[in-house]
Amino acid sequence: MSVSCCRNLGIAIKAVHLHLRRVGSLYRRIQSRQLSSSSSPHHLSMADLKSTFLNVYSILKSDLLHDPSFEFTDESRLWVERMLDYNVPGGKLNRGLSVVDSFKLLKEGKDLTEEEVFLSCALGWCIEWLQAYFLVLDDIMDNSVTRRGQPCWFRVPQVGMVAINDGILLRNHIHRILKKHFRGKPYYVDLVDLFNEVELQTACGQMIDLITTFDGEKDLAKYSLPIHRRIVQYKTAYYSFYLPVACALLMAGENLENHIDVKDVLVDMGIYFQVQDDYLDCFADPETLGKIGTDIEDFKCSWLVVKALERCSKEQTEILYENYGKSDPSNVAKVKDLYKELDLEGVFKEYESKSYEKLTGVIEAHQSKAIQAVLKSFLAKIYKRQK
């Protein structure tokens with residue numbers, strides 16, 4: 001071997017060692033700051049928890065950018081890093097943080113080990129990766145313009161339809177994370193099955209949503225409460241509400257087959273959450289909500305339009321058919337006036353009250369106090385929310 005080859009090999013080895021030291025140092029820094037014996041992770045403030053969570057993102061991202069299954073060039077590594085930073089950590093992170101919160105509650109006050117904090121955060125990030133994968137492709141399907149206050153990824157210059165492949169990469173990253181950090185765990189196969197099943201359910205929900213009304217075939221007669229429920233159950237409830245708790249249950253050594261009742265409650269909670277979303281899209285103050293609702297203009301199968309169809313007279317139905325799904329402000333105003341005439345605000349408040357009462361009753365009847373705490377925590381976050 002030539003001297004120059006030896007020198008280059010030595011430089012490469014030093015670079016690898018430097019990277020490993022950096023990742024190891026970051027991991028230890030997370031643990032020393034967040035997991036000291038004087039400060040139980042169970043009592044971390046939300047700010048500390050989010051800081052820890054974001055640090056774990058850095059570790060997972062570094063793992064993926066140095067995945068031995070692919071020989072990265074500098075250009076491809078920079079592309080993936082930019083794509084990840086743009087799409088994965090930019091939201092509220094509620095789904096991911098819920099894994100950590102739920103697991104802590106299932107431990108019933110016991111201190112989490114360093115490994116448990118890291119792994120619960122890693123699973124939380126798997127859900128955030130799943131969310132990013134769905135949103136990147138959903139924005140292309142909907143031809144959306146913005147997401148989280150910035151241009152949709154496919155709208156970014158030089159990205160375009162490369163975003164489709166980026167979505168596929170995001171999906172594959174989930175299983176690289178699971179394999180690297182959970183392969184030796186007794187619940188690894190159950191985790192893989194869980195993510196595969198929830199991904200399928202969400203894709204099927206998206207399909208129902210897309211085919212309910214094709215472009216050029218706007219027909220309100222297709223909209224009903226059962227259709228709305230199916231779309232929401234499969235497109236939103238499973239991955240947003242059930243998946244975080246299911247991950248925590250598996251980490252806690254539970255068999256998901258023994259917790260079908262928990263799944264049912266979380267799915268009902270997810271449906272209630274989406275009904276709130278539909279209500280807020282029309283009636284909330286845009287400044288409080290953080291966006292201007294467009295469900296009427298977009299001809300969405302919203303809970304409001306479904307309830308309106310149930311309550312409309314023949315004349316009111318004609319007004320709805322003439323104006324729903326049109327972007328002109330005068331058409332939108334007529335629909336909103338009709339909603340007020342039908343007292344849909346009052347109908348929603350009655351629905352919210354009954355939903356809360358029903359959910360609370362089911363939760364309090366559960367035999368496990370720890371699971372009660374998890375479910376009550378979820379319900380408290382969404383009950384009477386304003387955004």
# chains A, B, ... in the order shown; residues from 1 in each chain; ligands from 1

$ residues_around --residues "region 325-341 of chain A" --least-positions-apart "4" --cutoff "7 Å" --atoms "only C-alpha atoms" --output "list in words"
Ile296, Glu297, Asp298, Phe299, Ala308 and Leu320 of chain A

$ atom_distance --atom1 "CA of Val198 (chain A)" --atom2 "CA of Leu123 (chain A)"
14.0 Å

$ closest_residue --among "A:Gly90, A:Gly167, A:Gly205, A:Pro244" --to "Ser102 (chain A)" --atoms "only C-alpha atoms"
A:Pro244

$ closest_residue --among "A:Ile177, A:Leu210, A:Leu191, A:Ile168" --to "Ala248 (chain A)" --atoms "only C-alpha atoms"
A:Leu191

$ select_by_dssp --residues "region 97-323 of chain A" --states "helix (DSSP H, G or I)" --output "PyMOL selection string"
chain A and resi 97-106+114-142+153-155+162-182+188-212+220-222+225-251+256-283+286-289+303-311+314-323

$ closest_residue --among "A:Glu322, A:Asp74, A:Asp111, A:Asp278" --to "Asp219 (chain A)" --atoms "only C-alpha atoms"
A:Glu322

$ residues_around --residues "Ala163 (chain A)" --least-positions-apart "6" --cutoff "8 Å" --atoms "only C-alpha atoms" --output "list in words"
Val136, Leu137, Trp153 and Phe154 of chain A

$ closest_residue --among "A:Arg229, A:Arg148, A:His259, A:His181" --to "His366 (chain A)" --atoms "only C-alpha atoms"
A:His259

$ closest_residue --among "A:Ile260, A:Leu130, A:Val192, A:Ile140" --to "Gly160 (chain A)" --atoms "only C-alpha atoms"
A:Ile140

$ atom_distance --atom1 "CA of Cys247 (chain A)" --atom2 "CA of Asn172 (chain A)"
18.2 Å

$ residues_around --residues "Tyr238 (chain A)" --least-positions-apart "3" --cutoff "8 Å" --atoms "only C-alpha atoms" --output "ChimeraX atom specification"
/A:198,201-202,233-235,241-243,266-267,270

$ decode --residues "region 184-224 of chain A" --atoms "C-alpha atoms" --output "compact mmCIF listing (two decimals), in the first residue's frame"
# COMPACT_ATOMS: atom_id res chain seq x y z
CA GLY A 184 -32.63 -6.97 20.40
CA LYS A 185 -35.84 -6.18 22.27
CA PRO A 186 -38.48 -8.89 22.84
CA TYR A 187 -41.14 -6.55 21.45
CA TYR A 188 -39.25 -5.72 18.20
CA VAL A 189 -41.45 -7.82 15.90
CA ASP A 190 -44.58 -6.37 17.52
CA LEU A 191 -43.25 -2.85 16.90
CA VAL A 192 -42.60 -3.59 13.23
CA ASP A 193 -46.08 -5.11 12.86
CA LEU A 194 -47.63 -2.13 14.63
CA PHE A 195 -46.01 0.47 12.36
CA ASN A 196 -46.84 -1.54 9.24
CA GLU A 197 -50.48 -1.94 10.28
CA VAL A 198 -50.98 1.71 11.20
CA GLU A 199 -49.31 2.83 7.97
CA LEU A 200 -51.72 0.65 5.97
CA GLN A 201 -54.73 1.94 7.93
CA THR A 202 -53.70 5.56 7.35
CA ALA A 203 -53.11 5.00 3.62
CA CYS A 204 -56.57 3.41 3.35
CA GLY A 205 -58.09 6.40 5.14
CA GLN A 206 -56.37 8.71 2.67
CA MET A 207 -57.74 6.60 -0.19
CA ILE A 208 -61.32 6.90 1.12
CA ASP A 209 -60.85 10.66 1.45
CA LEU A 210 -59.47 11.01 -2.09
CA ILE A 211 -62.03 8.86 -3.89
CA THR A 212 -65.11 10.12 -2.03
CA THR A 213 -65.21 13.07 -4.42
CA PHE A 214 -63.11 13.14 -7.56
CA ASP A 215 -62.24 16.47 -9.19
CA GLY A 216 -65.17 17.62 -11.29
CA GLU A 217 -67.59 15.30 -9.48
CA LYS A 218 -68.52 17.36 -6.43
CA ASP A 219 -71.60 15.70 -4.96
CA LEU A 220 -72.66 16.41 -1.39
CA ALA A 221 -74.97 13.39 -1.54
CA LYS A 222 -71.88 11.22 -1.01
CA TYR A 223 -71.20 12.82 2.37
CA SER A 224 -72.60 11.22 5.53
